[in-house]
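my_file-v4.pdb follows; it contains PDB, C-alpha atoms (C1' of nucleotides).
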```
ATOM      1  CA  MET W  25      53.383  87.143 142.936
ATOM      2  CA  ASP W  26      51.445  84.019 143.727
ATOM      3  CA  SER W  27      48.989  83.280 140.983
ATOM      4  CA  ARG W  28      46.536  81.844 143.471
ATOM      5  CA  ILE W  29      45.670  85.327 144.568
ATOM      6  CA  VAL W  30      42.234  84.377 145.668
ATOM      7  CA  ASP W  31      40.211  81.285 146.271
ATOM      8  CA  ALA W  32      37.683  81.933 143.558
ATOM      9  CA  ARG W  33      34.999  79.694 144.931
ATOM     10  CA  THR W  34      35.092  81.354 148.333
ATOM     11  CA  LYS W  35      35.137  84.882 146.995
ATOM     12  CA  ILE W  36      32.433  84.305 144.478
ATOM     13  CA  GLU W  37      30.136  82.896 147.092
ATOM     14  CA  ILE W  38      30.353  86.305 148.658
ATOM     15  CA  TYR W  39      30.718  88.491 145.629
ATOM     16  CA  GLY W  40      28.434  86.665 143.281
ATOM     17  CA  ALA W  41      26.185  83.772 144.005
ATOM     18  CA  LEU W  42      25.388  84.758 147.547
ATOM     19  CA  SER W  43      23.185  87.419 146.112
ATOM     20  CA  GLU W  44      20.380  84.899 145.732
ATOM     21  CA  GLY W  45      19.889  85.023 149.484
ATOM     22  CA  GLN W  46      17.274  87.680 149.905
ATOM     23  CA  GLY W  47      15.643  89.810 147.288
ATOM     24  CA  GLY W  48      17.540  88.776 144.211
ATOM     25  CA  LEU W  49      20.879  89.945 142.959
ATOM     26  CA  GLY W  50      21.719  93.475 143.986
ATOM     27  CA  ASP W  51      21.790  92.278 147.563
ATOM     28  CA  CYS W  52      25.407  91.145 147.509
ATOM     29  CA  PRO W  53      27.162  93.736 149.634
ATOM     30  CA  ILE W  54      30.537  93.647 147.940
ATOM     31  CA  ARG W  55      28.980  93.962 144.545
ATOM     32  CA  ASN W  56      27.039  96.973 145.696
ATOM     33  CA  VAL W  57      30.077  98.678 147.114
ATOM     34  CA  VAL W  58      32.248  97.969 144.128
ATOM     35  CA  GLN W  59      29.715  98.991 141.557
ATOM     36  CA  SER W  60      29.218 102.429 142.927
ATOM     37  CA  ILE W  61      32.985 102.878 143.049
ATOM     38  CA  PHE W  62      33.199 101.686 139.453
ATOM     39  CA  GLY W  63      30.679 104.200 138.179
ATOM     40  CA  LYS W  64      31.579 106.244 135.143
ATOM     41  CA  TRP W  65      32.611 109.387 137.042
ATOM     42  CA  SER W  66      33.375 108.119 140.553
ATOM     43  CA  SER W  67      37.048 107.336 140.191
ATOM     44  CA  LEU W  68      37.674 110.570 138.347
ATOM     45  CA  LEU W  69      36.113 112.644 141.113
ATOM     46  CA  MET W  70      37.852 110.633 143.805
ATOM     47  CA  MET W  71      41.097 111.297 141.982
ATOM     48  CA  ALA W  72      40.453 115.010 142.073
ATOM     49  CA  LEU W  73      39.369 115.084 145.714
ATOM     50  CA  ALA W  74      42.360 112.980 146.723
ATOM     51  CA  GLU W  75      44.520 115.946 145.871
ATOM     52  CA  ARG W  76      42.572 118.571 147.801
ATOM     53  CA  PRO W  77      39.033 119.695 148.580
ATOM     54  CA  TYR W  78      37.166 121.259 145.700
ATOM     55  CA  ARG W  79      34.083 123.370 145.291
ATOM     56  CA  PHE W  80      31.277 122.303 143.019
ATOM     57  CA  GLY W  81      32.129 124.746 140.265
ATOM     58  CA  GLU W  82      35.808 123.905 140.447
ATOM     59  CA  LEU W  83      35.065 120.257 139.887
ATOM     60  CA  ARG W  84      32.895 121.209 136.969
ATOM     61  CA  ARG W  85      35.733 123.079 135.321
ATOM     62  CA  LEU W  86      38.199 120.328 136.197
ATOM     63  CA  VAL W  87      36.049 117.733 134.465
ATOM     64  CA  PRO W  88      34.597 119.660 131.559
ATOM     65  CA  ASP W  89      32.717 116.784 130.008
ATOM     66  CA  ILE W  90      30.612 115.838 133.005
ATOM     67  CA  SER W  91      27.066 117.116 132.999
ATOM     68  CA  GLN W  92      25.881 119.135 135.950
ATOM     69  CA  ARG W  93      23.321 116.466 136.660
ATOM     70  CA  MET W  94      25.890 113.679 136.860
ATOM     71  CA  LEU W  95      28.280 115.777 138.905
ATOM     72  CA  THR W  96      25.592 116.387 141.495
ATOM     73  CA  GLN W  97      24.449 112.803 141.467
ATOM     74  CA  THR W  98      27.893 111.221 141.626
ATOM     75  CA  LEU W  99      28.982 113.480 144.474
ATOM     76  CA  ARG W 100      25.796 112.641 146.279
ATOM     77  CA  ASP W 101      26.389 108.919 145.875
ATOM     78  CA  LEU W 102      29.965 109.265 147.076
ATOM     79  CA  GLN W 103      28.734 111.234 150.042
ATOM     80  CA  ARG W 104      26.071 108.656 150.771
ATOM     81  CA  ASP W 105      28.615 105.857 150.807
ATOM     82  CA  GLY W 106      30.734 107.810 153.257
ATOM     83  CA  TYR W 107      33.652 108.652 150.977
ATOM     84  CA  VAL W 108      32.995 112.354 150.626
ATOM     85  CA  HIS W 109      32.188 115.102 153.087
ATOM     86  CA  ARG W 110      29.997 117.962 151.899
ATOM     87  CA  GLU W 111      30.266 121.310 153.635
ATOM     88  CA  VAL W 112      28.088 124.298 152.861
ATOM     89  CA  PHE W 113      29.439 127.769 153.493
ATOM     90  CA  PRO W 114      26.694 130.350 154.008
ATOM     91  CA  THR W 115      28.304 132.890 151.747
ATOM     92  CA  LYS W 116      26.314 134.855 149.249
ATOM     93  CA  PRO W 117      25.828 133.167 146.914
ATOM     94  CA  PRO W 118      26.404 129.943 148.843
ATOM     95  CA  SER W 119      29.445 127.815 148.171
ATOM     96  CA  VAL W 120      29.847 124.105 148.825
ATOM     97  CA  GLU W 121      33.076 122.312 149.396
ATOM     98  CA  TYR W 122      33.652 118.616 148.898
ATOM     99  CA  SER W 123      36.470 116.694 150.540
ATOM    100  CA  LEU W 124      37.421 113.092 151.225
ATOM    101  CA  THR W 125      36.591 111.468 154.517
ATOM    102  CA  ASP W 126      38.923 109.010 156.182
ATOM    103  CA  LEU W 127      36.908 106.208 154.652
ATOM    104  CA  GLY W 128      37.244 107.906 151.286
ATOM    105  CA  ARG W 129      40.996 108.214 151.595
ATOM    106  CA  SER W 130      41.210 104.582 152.632
ATOM    107  CA  MET W 131      39.099 103.515 149.668
ATOM    108  CA  PHE W 132      41.032 105.625 147.214
ATOM    109  CA  ALA W 133      44.329 104.220 148.406
ATOM    110  CA  SER W 134      43.067 100.846 147.208
ATOM    111  CA  LEU W 135      41.430 102.155 144.074
ATOM    112  CA  HIS W 136      44.534 104.019 143.118
ATOM    113  CA  HIS W 137      46.466 100.901 142.108
ATOM    114  CA  ILE W 138      44.254 100.004 139.211
ATOM    115  CA  LEU W 139      44.059 103.589 137.981
ATOM    116  CA  LEU W 140      47.829 103.773 137.944
ATOM    117  CA  TRP W 141      47.962 100.438 136.209
ATOM    118  CA  ALA W 142      45.686 101.697 133.467
ATOM    119  CA  GLU W 143      47.781 104.770 133.015
ATOM    120  CA  THR W 144      50.947 102.710 132.763
ATOM    121  CA  ASN W 145      49.614  99.960 130.555
ATOM    122  CA  PHE W 146      47.137 101.465 128.163
ATOM    123  CA  GLU W 147      49.550 101.107 125.298
ATOM    124  CA  ALA W 148      49.762  97.381 125.893
ATOM    125  CA  VAL W 149      45.990  97.152 126.010
ATOM    126  CA  ARG W 150      45.587  99.184 122.863
ATOM    127  CA  ALA W 151      48.077  96.927 121.143
ATOM    128  CA  ALA W 152      46.182  93.852 122.283
ATOM    129  CA  ARG W 153      42.954  95.267 120.920
ATOM    130  CA  THR W 154      44.528  96.063 117.587
ATOM    131  CA  ARG W 155      45.929  92.547 117.336
ATOM    132  CA  PHE W 156      42.606  91.003 118.248
ATOM    133  CA  ASP W 157      40.632  93.113 115.813
ATOM    134  CA  ALA W 158      43.080  92.330 113.033
ATOM    135  CA  SER W 159      43.004  88.590 113.577
ATOM    136  CA  GLU W 160      39.275  88.088 113.629
ATOM    137  CA  GLY W 161      38.193  89.549 110.297
TER     138      GLY W 161
ATOM    139  CA  MET O  21      49.892 107.508 153.364
ATOM    140  CA  ASP O  22      50.425 110.861 151.756
ATOM    141  CA  SER O  23      47.137 112.517 151.042
ATOM    142  CA  ARG O  24      48.555 114.094 147.915
ATOM    143  CA  ILE O  25      48.345 110.746 146.227
ATOM    144  CA  VAL O  26      47.964 112.248 142.822
ATOM    145  CA  ASP O  27      48.253 115.594 141.202
ATOM    146  CA  ALA O  28      44.643 115.850 140.206
ATOM    147  CA  ARG O  29      45.113 118.402 137.497
ATOM    148  CA  THR O  30      47.761 116.340 135.776
ATOM    149  CA  LYS O  31      45.888 113.081 136.003
ATOM    150  CA  ILE O  32      42.633 114.512 134.895
ATOM    151  CA  GLU O  33      44.196 116.019 131.846
ATOM    152  CA  ILE O  34      44.971 112.475 130.869
ATOM    153  CA  TYR O  35      42.028 110.649 132.316
ATOM    154  CA  GLY O  36      39.383 113.214 131.635
ATOM    155  CA  ALA O  37      39.640 116.380 129.682
ATOM    156  CA  LEU O  38      42.186 115.108 127.212
ATOM    157  CA  SER O  39      39.395 113.224 125.597
ATOM    158  CA  GLU O  40      38.380 116.329 123.666
ATOM    159  CA  GLY O  41      41.446 115.812 121.482
ATOM    160  CA  GLN O  42      40.085 113.711 118.672
ATOM    161  CA  GLY O  43      36.615 112.386 118.168
ATOM    162  CA  GLY O  44      34.965 113.373 121.395
ATOM    163  CA  LEU O  45      35.077 111.687 124.728
ATOM    164  CA  GLY O  46      35.597 107.962 124.626
ATOM    165  CA  ASP O  47      38.996 108.629 123.141
ATOM    166  CA  CYS O  48      40.817 109.005 126.443
ATOM    167  CA  PRO O  49      42.918 105.863 126.659
ATOM    168  CA  ILE O  50      42.923 105.456 130.419
ATOM    169  CA  ARG O  51      39.206 105.890 130.565
ATOM    170  CA  ASN O  52      38.745 103.230 127.946
ATOM    171  CA  VAL O  53      40.959 100.767 129.734
ATOM    172  CA  VAL O  54      39.428 101.380 133.108
ATOM    173  CA  GLN O  55      35.863 101.241 131.934
ATOM    174  CA  SER O  56      36.138  97.816 130.455
ATOM    175  CA  ILE O  57      37.796  96.606 133.651
ATOM    176  CA  PHE O  58      34.993  98.168 135.666
ATOM    177  CA  GLY O  59      32.270  96.403 133.758
ATOM    178  CA  LYS O  60      29.579  94.607 135.693
ATOM    179  CA  TRP O  61      31.045  91.117 135.306
ATOM    180  CA  SER O  62      34.703  91.746 134.508
ATOM    181  CA  SER O  63      36.153  91.789 137.980
ATOM    182  CA  LEU O  64      34.146  88.751 138.985
ATOM    183  CA  LEU O  65      35.455  86.726 136.065
ATOM    184  CA  MET O  66      38.989  87.961 136.587
ATOM    185  CA  MET O  67      38.672  86.872 140.186
ATOM    186  CA  ALA O  68      37.706  83.392 139.104
ATOM    187  CA  LEU O  69      40.403  83.089 136.458
ATOM    188  CA  ALA O  70      43.025  84.390 138.869
ATOM    189  CA  GLU O  71      42.610  81.165 140.770
ATOM    190  CA  ARG O  72      42.907  78.788 137.842
ATOM    191  CA  PRO O  73      41.806  78.341 134.240
ATOM    192  CA  TYR O  74      38.153  77.552 133.766
ATOM    193  CA  ARG O  75      36.026  76.202 130.979
ATOM    194  CA  PHE O  76      33.029  78.120 129.715
ATOM    195  CA  GLY O  77      30.478  75.944 131.436
ATOM    196  CA  GLU O  78      32.415  75.932 134.671
ATOM    197  CA  LEU O  79      32.358  79.714 134.760
ATOM    198  CA  ARG O  80      28.654  79.615 134.087
ATOM    199  CA  ARG O  81      28.065  77.408 137.101
ATOM    200  CA  LEU O  82      30.480  79.426 139.209
ATOM    201  CA  VAL O  83      28.563  82.624 138.463
ATOM    202  CA  PRO O  84      24.987  81.420 138.305
ATOM    203  CA  ASP O  85      23.411  84.798 137.735
ATOM    204  CA  ILE O  86      25.310  85.775 134.617
ATOM    205  CA  SER O  87      23.491  85.273 131.343
ATOM    206  CA  GLN O  88      25.139  83.197 128.676
ATOM    207  CA  ARG O  89      25.214  86.220 126.441
ATOM    208  CA  MET O  90      27.063  88.366 128.965
ATOM    209  CA  LEU O  91      29.476  85.583 129.846
ATOM    210  CA  THR O  92      30.432  85.218 126.197
ATOM    211  CA  GLN O  93      30.660  88.934 125.663
ATOM    212  CA  THR O  94      32.628  89.746 128.803
ATOM    213  CA  LEU O  95      35.124  86.962 128.144
ATOM    214  CA  ARG O  96      35.483  88.222 124.605
ATOM    215  CA  ASP O  97      36.154  91.750 125.803
ATOM    216  CA  LEU O  98      38.695  90.523 128.332
ATOM    217  CA  GLN O  99      40.359  88.495 125.616
ATOM    218  CA  ARG O 100      40.370  91.456 123.256
ATOM    219  CA  ASP O 101      42.081  93.641 125.840
ATOM    220  CA  GLY O 102      44.736  90.998 126.308
ATOM    221  CA  TYR O 103      43.838  89.860 129.806
ATOM    222  CA  VAL O 104      42.483  86.456 128.940
ATOM    223  CA  HIS O 105      43.723  83.647 126.736
ATOM    224  CA  ARG O 106      41.140  81.471 125.006
ATOM    225  CA  GLU O 107      42.093  77.958 124.017
ATOM    226  CA  VAL O 108      39.878  75.603 122.086
ATOM    227  CA  PHE O 109      40.321  71.865 122.536
ATOM    228  CA  PRO O 110      39.069  69.857 119.566
ATOM    229  CA  THR O 111      37.269  67.340 121.696
ATOM    230  CA  LYS O 112      33.796  66.167 120.879
ATOM    231  CA  PRO O 113      31.882  68.172 121.770
ATOM    232  CA  PRO O 114      34.476  70.946 121.778
ATOM    233  CA  SER O 115      35.631  72.466 125.028
ATOM    234  CA  VAL O 116      37.132  75.901 125.532
ATOM    235  CA  GLU O 117      39.406  76.933 128.334
ATOM    236  CA  TYR O 118      39.954  80.462 129.532
ATOM    237  CA  SER O 119      43.034  81.539 131.471
ATOM    238  CA  LEU O 120      44.788  84.737 132.437
ATOM    239  CA  THR O 121      47.652  86.075 130.372
ATOM    240  CA  ASP O 122      50.644  87.770 131.955
ATOM    241  CA  LEU O 123      48.992  91.093 131.246
ATOM    242  CA  GLY O 124      45.845  89.819 132.897
ATOM    243  CA  ARG O 125      47.697  88.700 136.006
ATOM    244  CA  SER O 126      49.433  92.047 136.162
ATOM    245  CA  MET O 127      46.146  93.879 135.829
ATOM    246  CA  PHE O 128      44.398  91.744 138.403
ATOM    247  CA  ALA O 129      47.178  92.279 140.904
ATOM    248  CA  SER O 130      46.273  95.971 140.786
ATOM    249  CA  LEU O 131      42.541  95.431 140.651
ATOM    250  CA  HIS O 132      42.685  93.090 143.590
ATOM    251  CA  HIS O 133      43.309  95.836 146.136
ATOM    252  CA  ILE O 134      39.984  97.544 145.672
ATOM    253  CA  LEU O 135      38.078  94.254 145.616
ATOM    254  CA  LEU O 136      39.660  93.295 148.917
ATOM    255  CA  TRP O 137      38.881  96.727 150.274
ATOM    256  CA  ALA O 138      35.234  96.321 149.399
ATOM    257  CA  GLU O 139      35.114  92.961 151.061
ATOM    258  CA  THR O 140      36.704  94.345 154.200
ATOM    259  CA  ASN O 141      34.756  97.564 154.421
ATOM    260  CA  PHE O 142      31.270  96.896 153.165
ATOM    261  CA  GLU O 143      29.880  97.119 156.665
ATOM    262  CA  ALA O 144      31.262 100.622 157.039
ATOM    263  CA  VAL O 145      29.751 101.609 153.723
ATOM    264  CA  ARG O 146      26.417 100.114 154.564
ATOM    265  CA  ALA O 147      26.452 102.018 157.846
ATOM    266  CA  ALA O 148      27.261 105.249 156.032
ATOM    267  CA  ARG O 149      24.360 104.705 153.664
ATOM    268  CA  THR O 150      21.978 104.028 156.491
ATOM    269  CA  ARG O 151      23.088 107.180 158.268
ATOM    270  CA  PHE O 152      22.743 109.243 155.134
ATOM    271  CA  ASP O 153      19.312 107.904 154.274
ATOM    272  CA  ALA O 154      18.111 108.500 157.805
ATOM    273  CA  SER O 155      19.308 112.081 157.967
ATOM    274  CA  GLU O 156      17.853 113.333 154.729
ATOM    275  CA  GLY O 157      14.150 112.615 155.126
TER     276      GLY O 157
ATOM    277  C1'  DC Y  11      26.884 129.458 142.812
ATOM    278  C1'  DT Y  12      24.764 125.147 143.582
ATOM    279  C1'  DG Y  13      21.735 122.653 142.718
ATOM    280  C1'  DT Y  14      16.431 120.344 140.895
ATOM    281  C1'  DA Y  15      13.196 119.013 137.549
ATOM    282  C1'  DT Y  16      12.046 117.232 132.950
ATOM    283  C1'  DC Y  17      12.442 115.060 128.966
ATOM    284  C1'  DC Y  18      14.784 111.899 126.031
ATOM    285  C1'  DC Y  19      17.885 108.637 124.240
ATOM    286  C1'  DC Y  20      20.948 105.021 123.898
ATOM    287  C1'  DT Y  21      23.643 101.431 125.619
ATOM    288  C1'  DA Y  22      24.275  97.744 128.690
ATOM    289  C1'  DT Y  23      22.000  93.737 130.064
ATOM    290  C1'  DG Y  24      18.666  90.058 130.143
ATOM    291  C1'  DA Y  25      15.451  86.199 128.116
ATOM    292  C1'  DT Y  26      14.764  83.116 124.801
ATOM    293  C1'  DA Y  27      15.515  80.341 120.973
ATOM    294  C1'  DC Y  28      18.556  78.386 117.663
ATOM    295  C1'  DT Y  29      23.344  76.212 115.736
ATOM    296  C1'  DG Y  30      28.061  73.823 114.864
TER     297       DG Y  30
ATOM    298  C1'  DC I  21      29.481  72.109 125.083
ATOM    299  C1'  DA I  22      30.010  76.609 123.540
ATOM    300  C1'  DG I  23      28.446  79.685 121.506
ATOM    301  C1'  DT I  24      25.193  83.175 118.043
ATOM    302  C1'  DA I  25      20.970  85.682 116.846
ATOM    303  C1'  DT I  26      17.067  88.214 117.979
ATOM    304  C1'  DC I  27      14.087  90.800 120.575
ATOM    305  C1'  DA I  28      12.869  93.396 124.678
ATOM    306  C1'  DT I  29      13.799  96.422 128.598
ATOM    307  C1'  DA I  30      15.616  99.247 132.465
ATOM    308  C1'  DG I  31      18.280 102.614 133.759
ATOM    309  C1'  DG I  32      22.454 105.304 133.146
ATOM    310  C1'  DG I  33      23.459 109.433 131.299
ATOM    311  C1'  DG I  34      22.967 113.917 128.504
ATOM    312  C1'  DA I  35      20.554 118.520 127.339
ATOM    313  C1'  DT I  36      17.965 122.008 128.803
ATOM    314  C1'  DA I  37      15.401 124.960 131.644
ATOM    315  C1'  DC I  38      14.226 126.511 136.141
ATOM    316  C1'  DA I  39      15.011 127.724 141.372
ATOM    317  C1'  DG I  40      16.974 129.070 146.167
TER     318       DG I  40
END
```

Let me see the file written as structure tokens.
Amino acid sequence: MDSRIVDARTKIEIYGALSEGQGGLGDCPIRNVVQSIFGKWSSLLMMALAERPYRFGELRRLVPDISQRMLTQTLRDLQRDGYVHREVFPTKPPSVEYSLTDLGRSMFASLHHILLWAETNFEAVRAARTRFDASEG
Amino acid sequence: MDSRIVDARTKIEIYGALSEGQGGLGDCPIRNVVQSIFGKWSSLLMMALAERPYRFGELRRLVPDISQRMLTQTLRDLQRDGYVHREVFPTKPPSVEYSLTDLGRSMFASLHHILLWAETNFEAVRAARTRFDASEG
DNA sequence: CTGTATCCCCTATGATACTG
DNA sequence: CAGTATCATAGGGGATACAG
């Protein structure tokens, strides 16, 4: 693979410095998009929904250590960004199903690479950390 | 692309729930790896270093809105995880050059996809947000 | 069952000043 | 030039209780 993967100056004008433009930093569009994807629970929920649609309670059981508050909020953010479709079934009591949109599937296809990478390489990273921590005193 | 990209239950046992194992949550290895990659400044700095090595001050100018503290800290974290090599040149005053390691290049190759996706699709995401905000009152 | 509403805390980040 | 140290702060995130 070519090591000149990107032209850093060009990208960073978009991703980084360009943010000065209007009302300060958060205005850089790419940064905004990426940072909601990179949220603590986003990739985990996308991973689940990439397999099949899930109901709220199912997701809760699937990810036992997420709080109800963060599950609601993360799903809402994913829905807001257009990755997730929320459908309410008027059963009694009501049930709500979450599924990926086309945009969501497209996004996850790109997100997937780095998740796989982490799964494959976490031993190497752990080793690097151990080495670093040992050599610094 | 196959929509069954992952087997959610399997992945989440690793990525999510498995964390119960030892001392609570942060123990899940994949989560640890991914969350340092997903830090606020990590991908931006990786993007820069993927182009060529940079000195500390160069990175500072390239990313004007990062604080010196966070630049130091993020580079240190990236170095600790084995993505970045730090080389000190005994000039006067000293200069320090940062470059990607092989592990770093490998990681960035996988991270790159989602960064590109964000660049390509931020208009669609912005549109989705606008729609969502309009329709909720 | 699927959320909202509160309260609270802690960590990530920033601003500033100082040092080898 | 390349950091470190210190202090301050905002907001992400958890726990709990309540509601439709």

Emit as lines of an AutoDock Vina configuration file the padded axis-aligned box for all listed atoms of segment 12-27 of chain Y, 5 Å per side, with centre and edge lengths in Å to one decimal.
```
center_x = 18.4
center_y = 102.7
center_z = 132.3
size_x = 22.7
size_y = 54.8
size_z = 32.6
```

*Considering all atoms listed in the file, return as an NGL selection string whatever protein or nucleic-acid residues lie within 9 Å of segment 13-25 of chain Y, sequence-local ones (same chain, fewer than 4 positions apart) excluded.*
(:W and (92-93 or 96)) or (:O and (87 or 89-90)) or (:I and (27-30 or 32-40))

With C-alpha atoms (C1' of nucleotides) kept, could you save the residues just selected as a short mmCIF file (atom, residue, chain, number, x, y, z; two decimals), keeping the file's coordinate frame?
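Writing the result to result30.cif gives the following:
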```cif
data_model
loop_
_atom_site.label_atom_id
_atom_site.label_comp_id
_atom_site.auth_asym_id
_atom_site.auth_seq_id
_atom_site.Cartn_x
_atom_site.Cartn_y
_atom_site.Cartn_z
CA GLN W 92 25.88 119.14 135.95
CA ARG W 93 23.32 116.47 136.66
CA THR W 96 25.59 116.39 141.50
CA SER O 87 23.49 85.27 131.34
CA ARG O 89 25.21 86.22 126.44
CA MET O 90 27.06 88.37 128.96
"C1'" DC I 27 14.09 90.80 120.58
"C1'" DA I 28 12.87 93.40 124.68
"C1'" DT I 29 13.80 96.42 128.60
"C1'" DA I 30 15.62 99.25 132.46
"C1'" DG I 32 22.45 105.30 133.15
"C1'" DG I 33 23.46 109.43 131.30
"C1'" DG I 34 22.97 113.92 128.50
"C1'" DA I 35 20.55 118.52 127.34
"C1'" DT I 36 17.96 122.01 128.80
"C1'" DA I 37 15.40 124.96 131.64
"C1'" DC I 38 14.23 126.51 136.14
"C1'" DA I 39 15.01 127.72 141.37
"C1'" DG I 40 16.97 129.07 146.17
#
```

Cut-off 12 Å: closest chain W/chain I atom pairs per residue, using only C-alpha atoms (C1' of nucleotides), as a tab-separated table:
```
residue	atom	partner	partner_atom	distance
W:Gly63	CA	I:DG32	C1'	9.7
W:Lys64	CA	I:DG32	C1'	9.4
W:Trp65	CA	I:DG33	C1'	10.8
W:Asp89	CA	I:DG34	C1'	10.3
W:Ile90	CA	I:DG34	C1'	9.1
W:Ser91	CA	I:DG34	C1'	6.9
W:Gln92	CA	I:DG34	C1'	9.5
W:Arg93	CA	I:DG34	C1'	8.6
W:Met94	CA	I:DG33	C1'	7.4
W:Leu95	CA	I:DG33	C1'	11.0
W:Gln97	CA	I:DG33	C1'	10.8
W:Thr98	CA	I:DG33	C1'	11.4
W:Lys116	CA	I:DG40	C1'	11.4
W:Pro117	CA	I:DG40	C1'	9.8
W:Pro118	CA	I:DG40	C1'	9.8
```

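Distance-wise, atom CA of Glu121 of chain W and atom CA of Pro88 of chain W end up 18.1 Å apart.
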
*Quick one: pull the distance between atom CA of Gln59 of chain W and atom CA of Ile134 of chain O, Å, one decimal.*
11.2 Å

*List, as an MDAnalysis selection string, every residue that the PyMOL selection byres ((chain W and resi 58) around 12) selects in the file provided.*
(chainID W and resid 39:40 50 52:57 59:63 66:67 102 105 131 134:135) or (chainID O and resid 57:64 131:142 145)

*Do you know which residues the PyMOL selection byres ((chain O and resi 79) around 10) returns on this file, as a list in words?*
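On this input, the PyMOL selection byres ((chain O and resi 79) around 10) captures Leu65, Ala68, Leu69, Pro73, Tyr74, Arg75, Phe76, Gly77, Glu78, Arg80, Arg81, Leu82, Val83, Pro84, Ile86, Leu91, Glu117 and Tyr118 of chain O.
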
_Coordinates-based distance that separates atom CA of Val108 of chain O from atom C1' of DT29 of chain Y (Å, one decimal)_ = 17.7 Å

*asked:* So, with all atoms listed in the file as the atoms that count, which of W:Val108, W:Val120, W:Ala158, W:Met70 lies closest to chain Y?
replied: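 Closest to chain Y of all the choices is W:Val120.
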
_Taking (43.1, 88.6, 124.2) as a centre in this file's frame and 12 Å as the limit, can you find every polymer residue with an atom that close, using only C-alpha atoms (C1' of nucleotides), and give them as JSON, numbers by chain?_
{"W": [148, 149, 150, 151, 152, 153, 154, 155, 156, 157, 158, 159, 160], "O": [94, 95, 96, 97, 98, 99, 100, 101, 102, 103, 104, 105, 106, 107, 118, 119, 120, 121, 122, 123, 124]}
